[in-house]
file upload-v9.cif (mmCIF, C-alpha atoms)
data_coords
#
loop_
_atom_site.label_atom_id
_atom_site.label_comp_id
_atom_site.auth_asym_id
_atom_site.auth_seq_id
_atom_site.Cartn_x
_atom_site.Cartn_y
_atom_site.Cartn_z
CA MET A 1 0.00 0.00 0.00
CA THR A 2 1.36 3.43 -1.00
CA ALA A 3 0.29 7.00 -0.27
CA PHE A 4 -0.76 9.02 -3.28
CA GLN A 5 -1.74 12.48 -4.44
CA ALA A 6 -4.78 13.66 -6.37
CA GLY A 7 -6.00 16.89 -7.92
CA PHE A 8 -9.12 17.98 -9.81
CA GLY A 9 -9.42 20.69 -12.44
CA ARG A 10 -11.67 21.90 -15.21
CA SER A 11 -11.75 24.03 -18.33
CA ASP A 12 -14.50 25.63 -20.40
CA ILE A 13 -15.18 24.18 -23.87
CA THR A 14 -18.40 26.04 -24.66
CA PRO A 15 -18.43 26.53 -28.46
CA VAL A 16 -19.62 29.52 -30.45
CA ILE A 17 -23.35 29.83 -31.02
CA GLY A 18 -24.14 28.62 -34.51
CA CYS A 19 -21.92 25.55 -34.18
CA ARG A 20 -22.98 22.20 -35.59
CA LEU A 21 -24.67 20.05 -32.92
CA MET A 22 -24.05 16.32 -32.84
CA GLY A 23 -26.22 13.28 -32.22
CA TYR A 24 -29.28 13.73 -34.42
CA GLY A 25 -27.98 14.58 -37.84
CA ILE A 26 -27.05 18.02 -39.13
CA ARG A 27 -28.44 20.99 -37.20
CA ASN A 28 -26.87 24.19 -35.90
CA SER A 29 -27.14 25.74 -32.45
CA ALA A 30 -29.17 28.92 -32.06
CA ASP A 31 -28.58 29.70 -28.38
CA LEU A 32 -26.71 28.69 -25.22
CA HIS A 33 -28.53 27.02 -22.34
CA ASP A 34 -25.60 25.92 -20.16
CA ARG A 35 -21.87 25.98 -20.58
CA LEU A 36 -19.83 22.89 -21.48
CA ALA A 37 -16.80 21.77 -19.51
CA VAL A 38 -13.92 19.35 -19.34
CA ARG A 39 -13.42 17.92 -15.86
CA ALA A 40 -10.10 16.30 -15.04
CA LEU A 41 -8.63 14.17 -12.27
CA VAL A 42 -4.87 13.75 -12.03
CA LEU A 43 -3.48 10.98 -9.82
CA GLU A 44 0.12 10.57 -8.72
CA MET A 45 1.75 7.53 -7.11
CA ASN A 46 5.44 6.71 -6.80
CA GLY A 47 6.35 9.56 -9.14
CA GLU A 48 4.02 8.41 -11.94
CA ARG A 49 0.94 10.38 -13.02
CA TRP A 50 -2.35 9.52 -14.69
CA ALA A 51 -5.08 11.80 -16.09
CA LEU A 52 -8.77 10.89 -16.25
CA LEU A 53 -11.01 13.27 -18.18
CA SER A 54 -14.73 13.71 -18.78
CA CYS A 55 -15.73 16.04 -21.63
CA ASP A 56 -19.18 17.50 -22.29
CA LEU A 57 -19.17 16.28 -25.89
CA CYS A 58 -20.99 13.59 -27.87
CA TYR A 59 -17.75 11.76 -28.62
CA LEU A 60 -14.07 12.27 -29.42
CA ASN A 61 -12.65 11.04 -32.70
CA GLY A 62 -9.41 9.09 -32.65
CA ALA A 63 -7.50 12.00 -34.16
CA THR A 64 -8.63 14.31 -31.34
CA VAL A 65 -7.63 11.71 -28.76
CA ARG A 66 -4.14 11.44 -30.25
CA GLU A 67 -3.72 15.20 -30.48
CA THR A 68 -4.94 15.70 -26.93
CA ARG A 69 -2.64 13.06 -25.49
CA ALA A 70 0.28 14.64 -27.34
CA ALA A 71 -0.62 18.09 -25.98
CA ILE A 72 -0.85 16.72 -22.43
CA GLN A 73 2.48 14.98 -22.77
CA GLN A 74 4.18 18.06 -24.17
CA ARG A 75 2.86 20.45 -21.53
CA LEU A 76 2.61 18.23 -18.46
CA LYS A 77 4.83 15.21 -19.18
CA ILE A 78 2.02 12.70 -18.58
CA PRO A 79 2.55 9.91 -21.15
CA PRO A 80 -0.25 9.08 -23.63
CA THR A 81 -0.51 5.58 -22.13
CA ASN A 82 -1.64 7.20 -18.85
CA VAL A 83 -4.37 9.46 -20.29
CA PHE A 84 -7.98 8.20 -20.20
CA LEU A 85 -10.36 10.42 -22.23
CA ALA A 86 -14.14 10.01 -22.05
CA THR A 87 -17.23 12.02 -23.01
CA THR A 88 -20.65 12.42 -21.42
CA HIS A 89 -22.28 11.85 -24.84
CA THR A 90 -24.48 14.93 -24.79
CA HIS A 91 -26.45 15.28 -28.03
CA SER A 92 -26.58 19.06 -27.56
CA GLY A 93 -22.86 19.68 -27.95
CA PRO A 94 -20.50 20.43 -30.85
CA HIS A 95 -18.45 18.25 -33.18
CA ASP A 96 -14.91 17.82 -31.88
CA ARG A 97 -13.31 18.28 -35.33
CA ASP A 98 -14.98 21.62 -36.18
CA GLU A 99 -12.03 23.92 -35.52
CA ASP A 100 -14.07 27.13 -35.79
CA ASN A 101 -16.01 26.19 -32.64
CA TRP A 102 -13.26 27.59 -30.37
CA GLN A 103 -10.65 30.34 -30.44
CA ARG A 104 -7.99 27.81 -29.42
CA PRO A 105 -7.63 24.16 -30.50
CA LEU A 106 -9.82 21.76 -28.54
CA PRO A 107 -6.85 19.57 -27.45
CA GLU A 108 -5.30 22.63 -25.83
CA LEU A 109 -8.54 23.48 -24.03
CA ILE A 110 -8.78 19.92 -22.72
CA THR A 111 -5.14 20.10 -21.61
CA ASP A 112 -6.01 23.22 -19.61
CA ALA A 113 -8.18 21.07 -17.35
CA VAL A 114 -5.31 18.63 -16.79
CA ALA A 115 -2.98 21.54 -16.03
CA ALA A 116 -5.44 22.86 -13.43
CA ALA A 117 -5.73 19.41 -11.87
CA THR A 118 -1.94 19.04 -11.77
CA ALA A 119 -1.62 22.40 -10.03
CA ASN A 120 -4.10 21.16 -7.42
CA LEU A 121 -2.25 17.92 -6.60
CA ARG A 122 -2.10 17.20 -2.88
CA PRO A 123 -1.94 14.20 -0.53
CA ALA A 124 -5.30 12.51 -0.72
CA ARG A 125 -7.50 9.67 0.45
CA LEU A 126 -9.76 7.47 -1.63
CA ASP A 127 -12.65 5.03 -1.41
CA SER A 128 -15.13 3.62 -3.93
CA GLY A 129 -18.50 1.93 -3.84
CA TYR A 130 -21.81 1.18 -5.50
CA GLY A 131 -25.49 2.00 -5.39
CA VAL A 132 -28.48 1.73 -7.73
CA LEU A 133 -30.81 4.07 -9.59
CA TYR A 134 -34.02 2.39 -10.73
CA GLY A 135 -36.75 3.98 -12.84
CA ALA A 136 -34.53 6.60 -14.49
CA SER A 137 -33.67 4.68 -17.67
CA ILE A 138 -35.30 2.38 -20.21
CA ASN A 139 -34.05 -0.19 -22.71
CA ARG A 140 -34.84 1.47 -26.02
CA ARG A 141 -34.55 -1.73 -28.12
CA TRP A 142 -36.72 -3.98 -25.94
CA ILE A 143 -38.50 -2.03 -23.21
CA ASP A 144 -39.25 -5.24 -21.29
CA ARG A 145 -35.55 -6.11 -21.00
CA PRO A 146 -33.32 -5.04 -18.11
CA VAL A 147 -31.25 -1.92 -17.86
CA ASP A 148 -28.07 -1.58 -15.82
CA PRO A 149 -29.12 0.35 -12.68
CA GLY A 150 -25.65 0.37 -11.13
CA VAL A 151 -24.18 3.68 -9.97
CA ALA A 152 -20.47 3.54 -9.15
CA VAL A 153 -18.61 6.28 -7.27
CA ILE A 154 -14.97 7.01 -6.49
CA ARG A 155 -14.64 9.53 -3.67
CA ILE A 156 -11.42 11.47 -3.17
CA ASP A 157 -10.76 13.65 -0.12
CA SER A 158 -7.77 15.70 0.95
CA ASP A 159 -5.71 14.23 3.79
CA ASP A 160 -7.68 16.39 6.27
CA GLY A 161 -10.99 14.87 5.11
CA THR A 162 -12.18 17.75 2.92
CA PRO A 163 -14.03 16.41 -0.17
CA LEU A 164 -12.06 17.18 -3.32
CA GLY A 165 -14.27 15.44 -5.85
CA LEU A 166 -15.90 12.35 -7.25
CA VAL A 167 -15.93 10.09 -10.27
CA ALA A 168 -19.45 8.80 -10.97
CA ASN A 169 -20.52 6.14 -13.48
CA PHE A 170 -24.04 5.33 -14.77
CA ALA A 171 -25.57 4.16 -18.04
CA CYS A 172 -28.12 6.46 -19.68
CA HIS A 173 -27.96 8.30 -23.01
CA ALA A 174 -27.64 12.07 -22.62
CA VAL A 175 -30.69 12.63 -24.83
CA VAL A 176 -33.31 14.23 -22.62
CA MET A 177 -33.19 17.04 -25.18
CA GLY A 178 -34.08 15.94 -28.69
CA PRO A 179 -33.37 17.04 -32.25
CA ASP A 180 -35.81 19.94 -31.88
CA ASN A 181 -33.52 21.52 -29.28
CA LEU A 182 -31.09 24.04 -30.75
CA GLN A 183 -29.55 25.21 -27.47
CA ILE A 184 -26.05 24.17 -26.47
CA SER A 185 -26.28 22.02 -23.36
CA ALA A 186 -24.52 19.31 -21.36
CA ASP A 187 -27.97 17.67 -20.95
CA TRP A 188 -28.71 15.72 -17.77
CA PRO A 189 -25.08 14.78 -16.87
CA GLY A 190 -24.20 18.48 -16.75
CA ALA A 191 -27.13 19.25 -14.47
CA ALA A 192 -26.23 16.30 -12.24
CA CYS A 193 -22.58 17.28 -11.90
CA ALA A 194 -23.49 20.88 -11.08
CA LYS A 195 -25.83 19.72 -8.30
CA ILE A 196 -23.27 17.28 -6.89
CA GLU A 197 -20.53 19.90 -6.89
CA SER A 198 -22.81 22.39 -5.14
CA ALA A 199 -23.58 19.82 -2.44
CA LEU A 200 -19.95 18.77 -1.92
CA GLY A 201 -18.76 22.31 -1.34
CA PRO A 202 -16.56 25.00 -2.89
CA HIS A 203 -13.97 23.95 -5.45
CA SER A 204 -15.17 20.33 -5.65
CA THR A 205 -15.45 18.53 -8.99
CA CYS A 206 -17.50 15.59 -10.24
CA LEU A 207 -16.48 13.65 -13.34
CA PHE A 208 -19.34 11.78 -15.01
CA LEU A 209 -18.50 8.63 -17.00
CA GLN A 210 -21.13 6.97 -19.20
CA GLY A 211 -21.70 3.26 -18.68
CA GLY A 212 -23.24 0.77 -21.11
CA ALA A 213 -25.68 3.33 -22.50
CA GLY A 214 -25.74 2.29 -26.17
CA ASN A 215 -29.26 0.85 -25.87
CA ILE A 216 -30.45 2.87 -22.85
CA ASN A 217 -32.49 6.09 -22.94
CA PRO A 218 -33.77 8.42 -20.20
CA LEU A 219 -37.06 7.55 -18.52
CA VAL A 220 -38.33 11.01 -17.65
CA ALA A 221 -41.81 12.49 -17.18
CA GLY A 222 -42.57 12.97 -20.87
CA VAL A 223 -41.54 9.40 -21.72
CA ARG A 224 -43.59 7.93 -18.86
CA GLU A 225 -46.60 9.89 -20.06
CA LYS A 226 -46.25 8.55 -23.60
CA LEU A 227 -45.82 4.99 -22.36
CA GLN A 228 -49.16 5.32 -20.54
CA SER A 229 -51.00 7.15 -23.32
CA GLY A 230 -52.66 4.07 -24.85
CA ARG A 231 -50.65 4.36 -28.07
CA THR A 232 -48.61 1.53 -29.52
CA VAL A 233 -44.99 1.83 -28.40
CA ARG A 234 -42.30 0.89 -30.90
CA SER A 235 -38.64 0.48 -30.05
CA ILE A 236 -35.84 2.37 -31.74
CA GLY A 237 -35.20 0.58 -35.03
CA GLU A 238 -38.72 -0.85 -34.72
CA ILE A 239 -37.59 -4.35 -33.74
CA SER A 240 -40.24 -4.68 -31.01
CA SER A 241 -43.67 -3.25 -30.19
CA TYR A 242 -45.84 -2.96 -27.08
CA TYR A 243 -49.39 -1.96 -26.07
CA GLY A 244 -50.83 -2.24 -29.57
CA PRO A 245 -50.33 -3.32 -33.18
CA ALA A 246 -47.00 -2.58 -34.82
CA GLY A 247 -48.75 -0.93 -37.75
CA ASP A 248 -50.64 1.61 -35.61
CA PRO A 249 -50.29 4.94 -37.49
CA ASP A 250 -50.38 6.79 -34.17
CA LYS A 251 -47.55 4.78 -32.62
CA TYR A 252 -44.90 6.31 -30.36
CA ASN A 253 -41.26 5.40 -31.04
CA ILE A 254 -39.15 5.23 -27.90
CA GLY A 255 -36.22 6.61 -29.88
CA ASP A 256 -38.06 9.83 -30.72
CA ARG A 257 -36.69 12.41 -28.29
CA ARG A 258 -38.54 15.41 -29.68
CA GLY A 259 -40.35 17.38 -27.00
CA GLY A 260 -37.76 16.88 -24.28
CA THR A 261 -37.60 19.75 -21.80
CA PHE A 262 -34.97 21.28 -19.58
CA GLU A 263 -37.30 20.59 -16.65
CA GLU A 264 -36.77 16.91 -17.45
CA VAL A 265 -33.01 17.51 -17.64
CA VAL A 266 -33.19 18.74 -14.04
CA GLU A 267 -35.48 15.86 -13.07
CA LEU A 268 -33.02 13.19 -14.17
CA GLY A 269 -29.98 15.17 -13.04
CA ASP A 270 -31.44 15.56 -9.56
CA ARG A 271 -32.27 11.87 -9.24
CA PHE A 272 -28.79 10.80 -10.26
CA ALA A 273 -27.16 13.42 -8.01
CA GLU A 274 -29.16 12.27 -5.00
CA GLU A 275 -28.04 8.65 -5.47
CA VAL A 276 -24.41 9.64 -6.01
CA LEU A 277 -24.43 11.72 -2.82
CA HIS A 278 -26.12 8.88 -0.93
CA ILE A 279 -23.33 6.52 -1.99
CA THR A 280 -20.68 9.15 -1.23
CA HIS A 281 -21.84 9.61 2.35
CA GLY A 282 -21.27 5.91 3.03
CA LEU A 283 -17.67 5.88 1.76
CA ARG A 284 -14.68 6.13 4.08
CA PRO A 285 -11.63 7.35 2.14
CA SER A 286 -8.24 6.01 3.19
CA ALA A 287 -4.70 7.13 2.43
CA SER A 288 -3.65 3.51 1.85
CA ILE A 289 -4.81 2.15 -1.50
CA ALA A 290 -3.65 -0.50 -3.93
CA PRO A 291 -1.19 0.66 -6.61
CA ILE A 292 -2.66 2.58 -9.55
CA TRP A 293 -1.98 1.04 -12.94
CA SER A 294 -3.19 1.32 -16.51
CA GLN A 295 -2.97 -0.71 -19.68
CA GLN A 296 -3.95 -0.09 -23.29
CA LEU A 297 -4.57 -2.80 -25.86
CA THR A 298 -5.87 -2.89 -29.40
CA VAL A 299 -8.66 -5.19 -30.58
CA LYS A 300 -9.50 -5.37 -34.27
CA ALA A 301 -13.18 -4.56 -34.68
CA ALA A 302 -13.54 -5.17 -38.43
CA ALA A 303 -16.10 -7.72 -39.60
CA GLY A 304 -14.67 -10.74 -41.36
CA PRO A 305 -15.53 -11.63 -44.97
CA ASP A 306 -17.67 -14.54 -43.74
CA GLU A 307 -20.00 -12.33 -41.67
CA ALA A 308 -23.30 -12.05 -43.53
CA ILE A 309 -25.32 -8.88 -43.09
CA VAL A 310 -28.61 -9.37 -41.24
CA GLY A 311 -31.45 -7.12 -42.34
CA THR A 312 -30.93 -4.16 -44.64
CA PRO A 313 -27.35 -3.87 -45.94
CA LEU A 314 -25.97 -0.46 -45.02
CA ARG A 315 -22.26 -0.81 -45.69
CA ALA A 316 -22.56 1.63 -48.58
CA GLN A 317 -23.89 4.22 -46.11
CA SER A 318 -20.94 4.09 -43.73
CA ILE A 319 -20.09 7.26 -41.86
CA ALA A 320 -17.50 9.48 -43.53
CA GLY A 321 -14.05 8.60 -42.28
CA PHE A 322 -14.85 5.03 -41.30
CA GLU A 323 -13.66 3.59 -44.60
CA SER A 324 -9.98 4.12 -43.79
CA LEU A 325 -10.48 2.65 -40.33
CA ALA A 326 -12.14 -0.44 -41.77
CA ALA A 327 -9.28 -0.85 -44.24
CA SER A 328 -6.83 -0.98 -41.33
CA GLY A 329 -8.86 -3.61 -39.48
CA PHE A 330 -10.85 -1.09 -37.42
CA PRO A 331 -8.41 -0.91 -34.49
CA ALA A 332 -10.26 -0.32 -31.23
CA GLU A 333 -8.37 0.88 -28.17
CA ILE A 334 -9.47 -0.74 -24.91
CA MET A 335 -8.03 0.97 -21.85
CA LEU A 336 -7.84 -0.27 -18.27
CA LEU A 337 -7.32 2.07 -15.34
CA ALA A 338 -7.15 0.62 -11.82
CA ILE A 339 -7.70 3.16 -9.03
CA GLY A 340 -7.77 1.55 -5.61
CA ASP A 341 -10.60 -1.01 -5.59
CA ALA A 342 -12.08 0.49 -8.78
CA MET A 343 -11.38 -0.85 -12.27
CA LEU A 344 -12.32 1.32 -15.24
CA VAL A 345 -12.61 -0.37 -18.64
CA GLY A 346 -12.95 2.07 -21.54
CA GLN A 347 -14.38 1.20 -24.95
CA PRO A 348 -14.38 3.60 -27.93
CA GLY A 349 -18.06 3.57 -28.79
CA GLU A 350 -21.64 2.81 -27.80
CA VAL A 351 -21.60 -0.26 -25.59
CA PHE A 352 -24.82 -2.06 -24.65
CA SER A 353 -26.13 -2.55 -21.12
CA GLU A 354 -25.74 -6.33 -21.36
CA THR A 355 -22.03 -5.95 -22.05
CA ALA A 356 -21.58 -3.71 -19.01
CA VAL A 357 -23.41 -6.04 -16.63
CA THR A 358 -21.48 -9.09 -17.84
CA LEU A 359 -18.15 -7.29 -17.61
CA LYS A 360 -18.83 -6.04 -14.09
CA THR A 361 -19.90 -9.52 -13.00
CA ARG A 362 -16.64 -10.97 -14.30
CA LEU A 363 -14.53 -8.25 -12.69
CA ARG A 364 -16.24 -8.69 -9.33
CA ALA A 365 -15.46 -12.40 -9.52
CA LEU A 366 -11.81 -11.29 -9.72
CA HIS A 367 -12.34 -9.17 -6.58
CA TYR A 368 -12.49 -5.74 -8.17
CA ARG A 369 -14.95 -4.16 -5.74
CA THR A 370 -16.00 -1.23 -7.94
CA PRO A 371 -15.88 -2.13 -11.64
CA MET A 372 -16.93 0.47 -14.23
CA LEU A 373 -17.59 0.04 -17.93
CA VAL A 374 -16.89 3.40 -19.58
CA SER A 375 -18.38 3.97 -23.03
CA TYR A 376 -17.35 6.76 -25.45
CA ALA A 377 -13.75 6.48 -24.23
CA ASN A 378 -10.48 7.06 -26.12
CA GLY A 379 -11.97 7.15 -29.62
CA TRP A 380 -15.14 6.62 -31.58
CA LEU A 381 -16.28 3.52 -33.49
CA SER A 382 -20.06 4.05 -33.18
CA TYR A 383 -22.12 1.07 -31.88
CA LEU A 384 -20.41 -2.01 -30.45
CA PRO A 385 -23.23 -4.54 -29.79
CA GLU A 386 -23.18 -8.13 -28.53
CA PRO A 387 -23.34 -11.03 -31.05
CA GLU A 388 -26.98 -11.77 -30.19
CA ASP A 389 -27.96 -8.18 -30.94
CA PHE A 390 -26.57 -8.49 -34.44
CA LEU A 391 -28.98 -11.34 -35.08
CA GLU A 392 -31.94 -9.17 -33.99
CA GLY A 393 -31.05 -6.21 -36.20
CA GLY A 394 -32.35 -2.72 -35.50
CA TYR A 395 -30.95 0.79 -35.69
CA GLU A 396 -27.80 0.28 -33.65
CA VAL A 397 -26.91 -2.96 -35.40
CA ALA A 398 -27.49 -1.38 -38.82
CA ARG A 399 -25.02 1.34 -37.89
CA ALA A 400 -22.47 -1.20 -36.70
CA TYR A 401 -22.87 -3.26 -39.89
CA GLY A 402 -22.72 -0.14 -42.02
CA ASN A 403 -19.41 0.78 -40.44
CA GLY A 404 -17.99 -2.72 -40.80
CA VAL A 405 -17.92 -3.70 -37.10
CA SER A 406 -17.71 -7.42 -36.37
CA ARG A 407 -20.52 -9.13 -34.49
CA TYR A 408 -17.81 -10.95 -32.51
CA PHE A 409 -16.15 -7.77 -31.25
CA GLN A 410 -17.30 -7.96 -27.63
CA PRO A 411 -16.21 -11.60 -27.08
CA GLN A 412 -12.84 -10.67 -28.58
CA VAL A 413 -12.55 -7.76 -26.14
CA TRP A 414 -13.04 -10.01 -23.12
CA GLN A 415 -10.62 -12.58 -24.53
CA ALA A 416 -7.99 -9.84 -24.72
CA LEU A 417 -8.86 -8.31 -21.33
CA GLN A 418 -9.10 -11.42 -19.21
CA PRO A 419 -5.40 -12.21 -18.77
CA LEU A 420 -4.61 -8.56 -18.03
CA VAL A 421 -7.23 -8.12 -15.29
CA GLU A 422 -6.33 -11.47 -13.76
CA VAL A 423 -2.64 -10.57 -13.56
CA GLY A 424 -3.42 -7.04 -12.39
CA ARG A 425 -5.57 -8.23 -9.51
CA ALA A 426 -3.09 -10.92 -8.49
CA SER A 427 -0.29 -8.32 -8.43
CA SER A 428 -2.35 -5.88 -6.34
CA ASP A 429 -3.32 -8.57 -3.83
CA THR A 430 0.32 -9.42 -3.15
CA LEU A 431 1.38 -5.84 -2.37
#

call {"tool": "encode", "arguments": {"input": "upload-v9.cif", "output": "structure tokens"}}
result
Amino acid sequence: MTAFQAGFGRSDITPVIGCRLMGYGIRNSADLHDRLAVRALVLEMNGERWALLSCDLCYLNGATVRETRAAIQQRLKIPPTNVFLATTHTHSGPHDRDEDNWQRPLPELITDAVAAATANLRPARLDSGYGVLYGASINRRWIDRPVDPGVAVIRIDSDDGTPLGLVANFACHAVVMGPDNLQISADWPGAACAKIESALGPHSTCLFLQGGAGNINPLVAGVREKLQSGRTVRSIGEISSYYGPAGDPDKYNIGDRRGGTFEEVVELGDRFAEEVLHITHGLRPSASIAPIWSQQLTVKAAAGPDEAIVGTPLRAQSIAGFESLAASGFPAEIMLLAIGDAMLVGQPGEVFSETAVTLKTRLRALHYRTPMLVSYANGWLSYLPEPEDFLEGGYEVARAYGNGVSRYFQPQVWQALQPLVEVGRASSDTL
């Protein structure tokens, strides 16, 4: 067990009004509702440093990740292998590659948050734990299937017991606001973090990390009302239907987020914040923690020539820029970051709830007390479903097929991860 230091910081990445908004196709912002931020946590142990970042963006392309890691290394000497970059997946934020969104390059703005966190490094204590949040999310492919209700928290205090900040993990798309919203916003994760930080006290910071949210949407007042309206409910991609005939012309599609309100943003943000604070109050940070370590590995995500397309072939409609990735085997970075009893596993895309639950079950069996699946981390390869989901089809699967992602990607990820997490836990247990 070794003492360590920690520091939190943040920077503003609010873009110019008029910027392109991501998540629902092409539309431009017309106003600003709330400012966007990068929140950073820097950890130091035995002279080595790591940076964990949460950005109020839909996603970060691989090029932005590389440029940001290079900027952090140049300014702060933290190696790229020790930088974990994630996004909250707000659908009311800008595209990371639109350079006119900011007066300075985005990688430099993100690095500002790491610099602030580094300046705030101090001896610290840490603990982590779990809770649950039921009734705030819904499976948007099959509404009668489970969601992942797990809420994971890492609490970090100064050595005198003053709360410095949190890392909080939960799975729910940041799509309370729909395509009819033209205001820049961090959506419900931004509202939640602001409430948590207000409750923790001055200068505290909360990083939000998305879980297996690829098939999970918010269950807020407007959605509950539509589910009880008597109309047929169709899933996103229309692979399932409930409460009426599939052909009902007045059907409600669970993937239609038009009509979302900022009151509902606060509703979901408040519920999540209350559970995070409830978990936080039960944690007892200690100065003695297991060694911090990280590992990056590459898994080829490209579909093989023998993988037949189920449903409508969409390869010809692949997203711009994915062709070169597919030609190189679609390399997907998987990153592990062990912080005390917590194990973060980052995947560069939209991971399903089933994947997150299975992964956390496996990690707990290896005695990682607080496992976290982090989606939208260290790159962007769109949807990354399970093999069974590919057989069912639907919107997310069509996107994955269209981009050339293999249906066997998730089993290959675990095959690559398993020996690393087994060795990592064994090493920590002997120290």

call {"tool": "residues_around", "arguments": {"input": "upload-v9.cif", "residues": "segment 378-387 of chain A", "least_positions_apart": "4", "cutoff": "7 Å", "atoms": "all atoms listed in the file", "output": "CSV table (one decimal) with C-alpha atoms, in the coordinates of the input"}}
result
chain,number,residue,atom,x,y,z
A,59,TYR,CA,-17.8,11.8,-28.6
A,60,LEU,CA,-14.1,12.3,-29.4
A,61,ASN,CA,-12.6,11.0,-32.7
A,62,GLY,CA,-9.4,9.1,-32.6
A,65,VAL,CA,-7.6,11.7,-28.8
A,84,PHE,CA,-8.0,8.2,-20.2
A,85,LEU,CA,-10.4,10.4,-22.2
A,86,ALA,CA,-14.1,10.0,-22.0
A,214,GLY,CA,-25.7,2.3,-26.2
A,333,GLU,CA,-8.4,0.9,-28.2
A,348,PRO,CA,-14.4,3.6,-27.9
A,349,GLY,CA,-18.1,3.6,-28.8
A,350,GLU,CA,-21.6,2.8,-27.8
A,351,VAL,CA,-21.6,-0.3,-25.6
A,352,PHE,CA,-24.8,-2.1,-24.6
A,355,THR,CA,-22.0,-6.0,-22.0
A,391,LEU,CA,-29.0,-11.3,-35.1
A,396,GLU,CA,-27.8,0.3,-33.6
A,397,VAL,CA,-26.9,-3.0,-35.4
A,399,ARG,CA,-25.0,1.3,-37.9
A,400,ALA,CA,-22.5,-1.2,-36.7
A,407,ARG,CA,-20.5,-9.1,-34.5
A,408,TYR,CA,-17.8,-11.0,-32.5
A,410,GLN,CA,-17.3,-8.0,-27.6

call {"tool": "closest_residue", "arguments": {"input": "upload-v9.cif", "among": "A:Ala124, A:Ala213, A:Val153, A:Ile339", "to": "His89 of chain A", "atoms": "all atoms listed in the file"}}
result
A:Ala213

call {"tool": "closest_residue", "arguments": {"input": "upload-v9.cif", "among": "A:Gly402, A:Pro291, A:Pro202, A:Gly282", "to": "Ile154 of chain A", "atoms": "all atoms listed in the file"}}
result
A:Gly282

call {"tool": "atom_distance", "arguments": {"input": "upload-v9.cif", "atom1": "atom CA of Glu307 of chain A", "atom2": "atom CA of Pro419 of chain A"}}
result
27.2 Å

call {"tool": "residues_around", "arguments": {"input": "upload-v9.cif", "residues": "Ser241 of chain A", "least_positions_apart": "3", "cutoff": "10 Å", "atoms": "only C-alpha atoms", "output": "PyMOL selection string"}}
result
chain A and resi 141-143+232-236+238+244-247+251-254

call {"tool": "residues_around", "arguments": {"input": "upload-v9.cif", "residues": "Asp112 of chain A", "least_positions_apart": "3", "cutoff": "8 Å", "atoms": "all atoms listed in the file", "output": "list in words"}}
result
Arg10, Ser11, Glu108, Leu109, Ala115 and Ala116 of chain A

call {"tool": "write_last_selection", "arguments": {"input": "upload-v9.cif", "atoms": "C-alpha atoms", "output": "CSV table (one decimal), in the frame of the given file"}}
result
chain,number,residue,atom,x,y,z
A,10,ARG,CA,-11.7,21.9,-15.2
A,11,SER,CA,-11.8,24.0,-18.3
A,108,GLU,CA,-5.3,22.6,-25.8
A,109,LEU,CA,-8.5,23.5,-24.0
A,115,ALA,CA,-3.0,21.5,-16.0
A,116,ALA,CA,-5.4,22.9,-13.4

call {"tool": "closest_residue", "arguments": {"input": "upload-v9.cif", "among": "A:Thr68, A:Thr162, A:Asn139, A:Thr261", "to": "Gly201 of chain A", "atoms": "only C-alpha atoms"}}
result
A:Thr162

call {"tool": "atom_distance", "arguments": {"input": "upload-v9.cif", "atom1": "atom CA of Val38 of chain A", "atom2": "atom CA of Gly9 of chain A"}}
result
8.3 Å

call {"tool": "resolve_selection", "arguments": {"input": "upload-v9.cif", "expression": "the PyMOL selection byres ((chain A and resi 96) around 8)", "output": "list in words"}}
result
Leu57, Tyr59, Leu60, Asn61, Thr64, Pro94, His95, Arg97, Asp98, Glu99 and Leu106 of chain A

call {"tool": "write_last_selection", "arguments": {"input": "upload-v9.cif", "atoms": "C-alpha atoms", "output": "compact mmCIF listing (two decimals), keeping the file's coordinate frame"}}
result
# COMPACT_ATOMS: atom_id res chain seq x y z
CA LEU A 57 -19.17 16.28 -25.89
CA TYR A 59 -17.75 11.76 -28.62
CA LEU A 60 -14.07 12.27 -29.42
CA ASN A 61 -12.65 11.04 -32.70
CA THR A 64 -8.63 14.31 -31.34
CA PRO A 94 -20.50 20.43 -30.85
CA HIS A 95 -18.45 18.25 -33.18
CA ARG A 97 -13.31 18.28 -35.33
CA ASP A 98 -14.98 21.62 -36.18
CA GLU A 99 -12.03 23.92 -35.52
CA LEU A 106 -9.82 21.76 -28.54

call {"tool": "closest_residue", "arguments": {"input": "upload-v9.cif", "among": "A:Arg20, A:Lys195, A:Arg104, A:Arg75", "to": "Ser92 of chain A", "atoms": "only C-alpha atoms"}}
result
A:Arg20

call {"tool": "atom_distance", "arguments": {"input": "upload-v9.cif", "atom1": "atom CA of Val423 of chain A", "atom2": "atom CA of Gly346 of chain A"}}
result
18.2 Å

call {"tool": "closest_residue", "arguments": {"input": "upload-v9.cif", "among": "A:Asp341, A:Asp100, A:Glu354, A:Asp160", "to": "Ala290 of chain A", "atoms": "all atoms listed in the file"}}
result
A:Asp341

call {"tool": "closest_residue", "arguments": {"input": "upload-v9.cif", "among": "A:Ser198, A:Ser288, A:Gln295, A:Asn28", "to": "Arg125 of chain A", "atoms": "only C-alpha atoms"}}
result
A:Ser288

call {"tool": "resolve_selection", "arguments": {"input": "upload-v9.cif", "expression": "the PyMOL selection byres ((chain A and resi 298) around 9)", "output": "ChimeraX atom specification"}}
result
/A:296-297,299-300,331-335,413,416

call {"tool": "resolve_selection", "arguments": {"input": "upload-v9.cif", "expression": "the PyMOL selection byres ((chain A and resi 279) around 10)", "output": "list in words"}}
result
Ser128, Gly129, Tyr130, Gly131, Val132, Val151, Ala152, Val153, Ile154, Arg155, Ala273, Glu274, Glu275, Val276, Leu277, His278, Thr280, His281, Gly282 and Leu283 of chain A
